[in-house]
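Engineer: There's a structure below that I have some questions on.
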Amino acid sequence: MNFRFNILFVGLLLSIFGLWGCRGTPEAVDPLPSWGATAPRAAVLQFVNRVTDPNGPHFVVEADRIAVFDNDGTLWSENPIYFQFDFAVELARQAVIENPVLATREPFRTAVSGEPVEFLENGAHDLMELLLVTHSGTTTTAFAAAAEAWLRDAEHPVTGRSYPSMIYQPMIELLRYLEANGFSTWIVSGGGVDFMRVFAEETYGIPPERVIGSEVELAYEIGPGGGVLIREPKFFSLNDGPSKVIGIHRRIGRRPIAAFGNSDGDLEMLEWTAAGDGPSFCMFIHHTDAHREWAYDRSSKIGRLDHGLDRASEEGWTIMDMKRDWTTVFPPLD
């Protein structure tokens, strides 16, 4: 075999194996395909790379990689009224069918004859009263069954979609991306903890033990089938504002390094996250897309984002603009 043939033969082999190597090399998978190529996406990727690089100065061990998420307006929609209040309205209507006299009393009268959004005009008191009268007097098991049935059958009044399908596809991608990089993800919401636990695992992949929310008082009783927990008509905790920080401390016992919210009710949670000794990441979801979702912020009765916008600008936190930064809002329907 002469020299020229040797060169050609080796070149052929290299070419063949080179092609095989290319075919066998998997293409890089985009972890956030529904996020536009804008600054918030880059900020998320950069933060995760920093805290997961074992050779870098900002490395964080997995036990401390805790990310907390508000639910309403952060993981799923919250307009025209918080979804749990729609559930409360349905429970009120069922109660009136069983006992028509209730239709002459508030909050049942508004619930059965008006629009749920009317409660917003009367302030938080009526909303809280509606929750208490419809979310108490039953066992935790019966309440969970009622919530599960409603979530399965009810439709959003504007979009016609099921409530669980009103989740944000980009945030689901973010949850999976963080978990793949050693983060534990938690819901920290003003919503009822027993209501959210019904759907959190199937919808978000977050198990019930990692859901922190508002709670009613519970009483233990012995029923026909044994011990039961009865939901009482008074609040044990309202998980909003500073209470979110207290709930995180009591339940998790570690300060988060990443926090995601969308309203002033999440501000303290982001402040506390940012005040940690190590690296941190804080993001507000800014609802700016009136076409694909809703546009609201400073003057909204739902999910008001006023002081939070100012603080985010002052502190250099990330503001995710829904219209600009997300290529997709909701997941496709089956």
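By convention in this document, the chains of the structure tokens carry letters A, B, ... by their order, each chain's residues are numbered from 1, and ligands are numbered from 1 in the order they are shown.
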Determine, for each residue of range 170-246 of chain A having at least one atom at most 8 Å from an atom of range 66-87 of chain A, the closest pair of atoms and their separation in Å to one decimal, counting only C-alpha atoms; order by chain and ascending number, as CSV.
Structural biologist:
```
residue,atom,partner,partner_atom,distance
A:Met171,CA,A:Leu75,CA,6.1
A:Ile172,CA,A:Leu75,CA,7.6
A:Phe183,CA,A:Ile66,CA,5.6
A:Ser184,CA,A:Ile66,CA,5.1
A:Thr185,CA,A:Ala67,CA,4.9
A:Trp186,CA,A:Val68,CA,4.7
A:Ile187,CA,A:Phe69,CA,4.9
A:Val188,CA,A:Asp70,CA,5.1
A:Ser189,CA,A:Asp70,CA,4.8
A:Gly190,CA,A:Asp70,CA,7.9
A:Gly191,CA,A:Gln84,CA,7.2
A:Gly192,CA,A:Gln84,CA,7.9
A:Phe195,CA,A:Gln84,CA,7.5
```
Engineer: Can you check which residues of range 20-240 of chain A DSSP gives as alpha helix (DSSP H) on the backbone and send them as number ranges by chain?
Structural biologist: A: 20-24, 39-52, 83-98, 108-113, 118-121, 124-134, 140-153, 169-180, 193-204
Engineer: Emit the selected residues as a compact mmCIF listing (two decimals), in the first residue's frame, including C-alpha atoms.
Structural biologist:
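The new file result.txt reads:
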```
# COMPACT_ATOMS: atom_id res chain seq x y z
CA TRP A 20 -20.93 8.47 12.99
CA GLY A 21 -19.78 10.68 15.83
CA CYS A 22 -21.99 13.53 14.66
CA ARG A 23 -24.97 11.25 14.38
CA GLY A 24 -24.37 9.90 17.86
CA ALA A 39 -33.06 39.20 29.51
CA PRO A 40 -35.23 37.25 32.04
CA ARG A 41 -34.48 33.92 30.38
CA ALA A 42 -30.76 34.71 30.31
CA ALA A 43 -30.87 35.76 33.97
CA VAL A 44 -32.48 32.47 35.02
CA LEU A 45 -29.95 30.38 33.11
CA GLN A 46 -27.02 32.40 34.41
CA PHE A 47 -28.18 32.11 38.03
CA VAL A 48 -28.67 28.34 37.85
CA ASN A 49 -25.26 27.90 36.19
CA ARG A 50 -23.61 29.97 38.92
CA VAL A 51 -25.09 28.13 41.89
CA THR A 52 -24.61 24.64 40.42
CA PHE A 83 -60.02 30.59 41.12
CA GLN A 84 -60.62 29.35 44.65
CA PHE A 85 -63.32 31.99 45.07
CA ASP A 86 -65.10 30.61 42.02
CA PHE A 87 -65.06 27.27 43.84
CA ALA A 88 -66.44 28.96 46.96
CA VAL A 89 -69.24 30.52 44.89
CA GLU A 90 -70.17 27.09 43.55
CA LEU A 91 -70.28 25.68 47.08
CA ALA A 92 -72.50 28.60 48.13
CA ARG A 93 -74.90 27.92 45.27
CA GLN A 94 -75.09 24.26 46.22
CA ALA A 95 -75.82 25.24 49.82
CA VAL A 96 -78.68 27.50 48.68
CA ILE A 97 -80.19 24.67 46.64
CA GLU A 98 -80.22 22.52 49.78
CA PHE A 108 -74.84 33.73 49.86
CA ARG A 109 -77.10 36.35 48.25
CA THR A 110 -74.28 37.86 46.19
CA ALA A 111 -72.83 34.46 45.42
CA VAL A 112 -76.04 33.13 43.88
CA SER A 113 -77.48 36.29 42.28
CA GLU A 118 -68.72 41.80 42.86
CA PHE A 119 -67.08 40.57 46.04
CA LEU A 120 -64.02 42.58 45.08
CA GLU A 121 -66.06 45.79 45.22
CA ALA A 124 -61.55 41.60 51.50
CA HIS A 125 -64.02 41.05 54.34
CA ASP A 126 -66.76 39.59 52.13
CA LEU A 127 -64.24 37.41 50.33
CA MET A 128 -62.98 35.99 53.61
CA GLU A 129 -66.51 35.45 54.90
CA LEU A 130 -67.44 33.57 51.74
CA LEU A 131 -64.43 31.32 52.14
CA LEU A 132 -65.16 30.57 55.78
CA VAL A 133 -68.85 29.75 55.38
CA THR A 134 -68.26 27.51 52.35
CA THR A 140 -60.80 17.41 55.17
CA THR A 141 -61.48 14.33 53.06
CA ALA A 142 -64.90 15.55 51.91
CA PHE A 143 -63.51 19.01 51.16
CA ALA A 144 -60.72 17.55 49.03
CA ALA A 145 -63.22 15.40 47.12
CA ALA A 146 -65.45 18.43 46.41
CA ALA A 147 -62.46 20.48 45.21
CA GLU A 148 -61.24 17.65 43.00
CA ALA A 149 -64.67 17.25 41.38
CA TRP A 150 -64.98 20.99 40.76
CA LEU A 151 -61.51 21.25 39.23
CA ARG A 152 -62.33 18.33 36.96
CA ASP A 153 -65.66 19.66 35.69
CA GLN A 169 -46.36 26.72 30.34
CA PRO A 170 -43.14 28.74 30.84
CA MET A 171 -43.39 28.32 34.61
CA ILE A 172 -43.88 24.57 34.29
CA GLU A 173 -40.69 24.48 32.23
CA LEU A 174 -38.96 26.54 34.89
CA LEU A 175 -40.04 24.14 37.64
CA ARG A 176 -38.67 21.16 35.71
CA TYR A 177 -35.43 23.01 34.91
CA LEU A 178 -34.81 23.91 38.53
CA GLU A 179 -35.61 20.41 39.76
CA ALA A 180 -33.25 18.92 37.17
CA VAL A 193 -53.50 24.86 51.47
CA ASP A 194 -56.07 22.03 51.31
CA PHE A 195 -57.44 23.39 48.03
CA MET A 196 -54.01 23.62 46.38
CA ARG A 197 -52.89 20.21 47.61
CA VAL A 198 -55.68 18.64 45.56
CA PHE A 199 -54.06 19.61 42.25
CA ALA A 200 -50.48 20.70 42.99
CA GLU A 201 -48.79 17.36 42.44
CA GLU A 202 -50.62 16.39 39.25
CA THR A 203 -50.54 19.91 37.79
CA TYR A 204 -47.13 21.18 38.87
```
